[in-house]
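These notes concern the structure reproduced below.
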Amino acid sequence: MKILVTGGAGFIGSNVCDAFAAAGHEVLALDNLSSGRRENLSPGIRLIEADLRDAGVASILKKERPALVSHHAAQIAVRKSVADPAYDAELNLIAMLRLLEGCVAAGVGKVLFSSSGGAGYGEQETFPAPETHPIHPVSPYGVSKAAGELYLGYYFAQYRLPYVALRYANVYGPRQDPHGEAGVVAIFA
Ligand SMILES: NC(=O)c1ccc[n+]([C@@H]2O[C@H](COP(=O)([O-])OP(=O)(O)OC[C@H]3O[C@@H](n4cnc5c(N)ncnc54)[C@H](O)[C@@H]3O)[C@@H](O)[C@H]2O)c1
């Protein structure tokens with residue numbers, strides 16, 4: 001099937017692109033290359049250089065008609081979200097809503113969302129946190145990720161747009177920026 005990965009030139013997105021391609025799918029990466037890199041994309045993965053905040057994303061979806069959208073583009077820094085919550089929400093919520101509206105209009109069959117475990121659970125009550133752990137985000141980033149999950153629930157209720165929200169923890173591996181705050185495992189290693 002045809003799969004569009006937002007943030008596909010980034011650390012996690014590019015690895016996800018590779019996994020989809022290895023499974024035999026046609027993969028498109030949509031990325032503005034703000035932190036992602038063209039070199040992260042393996043041969044055969046097409047890059048659509050675009051900003052998720054632009055209204056043109058809906059027409060990209062209509063033209064490409066992917067069967068699945070794997071959504072990874074985001075404002076990813078907790079500290080930045082505290083310094084500028086509106087900037088965080090512009091990308092992690094407003095742009096995500098435009099993407100979801102575009103998915104509905106283009107007949108996308110399913111959305112995968114890179115949510116967050118730790119940022120959503122906040123100050124954890126139990127370790128390790130089960131999926132049923134209460135959501136108590138204590139940063140704007142955690143709020144925007146938790147709200148993203150709620151909006152996906154709305155799009156399923158309203159339009160029957162199927163979704164899976166994956167609550168990533170501290171991801172580590174090839175192509176990671178070891179200096180970012182999400183790079184805790186790489187930094188400790
Ligand atoms: N790294 C982790 O441990 C972790 C944990 C939980 C959730 N996540 C989530 O996983 C996703 C990917 O994170 P990552 O660590 O790979 O970060 P990353 O910075 O490597 O990837 C983000 C990608 O999105 C692109 N992007 C940013 N703003 C954009 C915009 N306006 N339009 C188009 N593209 C844009 C960047 O260029 C980059 O390629 C994010 O949604 C993040 O919140 C990551």
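Residues are referred to by chain and number: the chain letter is A, B, ... according to the order shown in the structure tokens, the number counts from 1 in that chain, and ligands are numbered separately from 1 in the order shown.
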
inquiry  = Counting only C-alpha atoms and all ligand atoms, what are the residues, protein, DNA or RNA alike, that approach ligand 1 to within 7 Å? I want them as a ChimeraX atom specification.
reply    = /A:6-13,30-37,50-53,71-76,91,114-117,167-172,176,182-183

request  = Would you list, as a PyMOL selection string, the residues of stretch 22-56 of chain A that end up in strand (DSSP E or B) under DSSP run on this structure's backbone?
outcome  = chain A and resi 26-31+46-49

key: alpha helix (DSSP H) per DSSP on the backbone: members of chain A, as a VMD selection string   = chain A and resid 11 to 22 57 to 64 78 to 83 85 to 89 96 to 106 118 to 121 140 to 159 184 to 188

key: Option closest in space to A:Lys110, from A:Ala95, A:Arg65, A:Pro128, A:Pro162 [counting only C-alpha atoms]   = A:Pro162

ask   = Which of these residues is nearest to A:Ala106, using only C-alpha atoms: A:Cys17, A:Ala77, A:Leu61, A:Ala29?
value =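 Going through A:Cys17, A:Ala77, A:Leu61, A:Ala29 one by one, the smallest distance to A:Ala106 is for A:Leu61.
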
inquiry  = Env of A:Ile187: 10 Å cut, atoms = only C-alpha atoms, seq-sep filter 5 positions within chain, self excluded. Answer as a list in words.
reply    = Tyr172, Asp177, Pro178, His179, Gly180, Glu181 and Ala182 of chain A

Please produce an output containing C-alpha atoms for each residue in the selection, written as a PDB file, in the first residue's frame.
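Output file selection-v7.pdb follows:
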```pdb
ATOM      1  CA  TYR A 172      17.006   5.207  20.840  1.00  0.00           C
ATOM      2  CA  ASP A 177      20.474  13.244  17.573  1.00  0.00           C
ATOM      3  CA  PRO A 178      22.447  12.369  20.732  1.00  0.00           C
ATOM      4  CA  HIS A 179      22.268  15.979  21.952  1.00  0.00           C
ATOM      5  CA  GLY A 180      18.492  16.368  22.040  1.00  0.00           C
ATOM      6  CA  GLU A 181      16.594  16.008  25.322  1.00  0.00           C
ATOM      7  CA  ALA A 182      14.850  12.869  23.998  1.00  0.00           C
TER       8      ALA A 182
END
```

ask   = Skipping near chain neighbours, those fewer than 5 positions away, what residues fall within 9 Å of A:Glu64 using only C-alpha atoms, listed as a PyMOL selection string?
value = chain A and resi 2+4+59+106

Let me see the file: selected residues, C-alpha atoms, as an mmCIF file, in the first residue's frame.
```
data_model
loop_
_atom_site.group_PDB
_atom_site.id
_atom_site.type_symbol
_atom_site.label_atom_id
_atom_site.label_comp_id
_atom_site.auth_asym_id
_atom_site.auth_seq_id
_atom_site.Cartn_x
_atom_site.Cartn_y
_atom_site.Cartn_z
ATOM 1 C CA LYS A 2 0.977 3.648 -0.309
ATOM 2 C CA LEU A 4 2.838 8.765 3.837
ATOM 3 C CA SER A 59 -3.946 19.026 -1.564
ATOM 4 C CA ALA A 106 -8.618 12.270 0.791
#
```
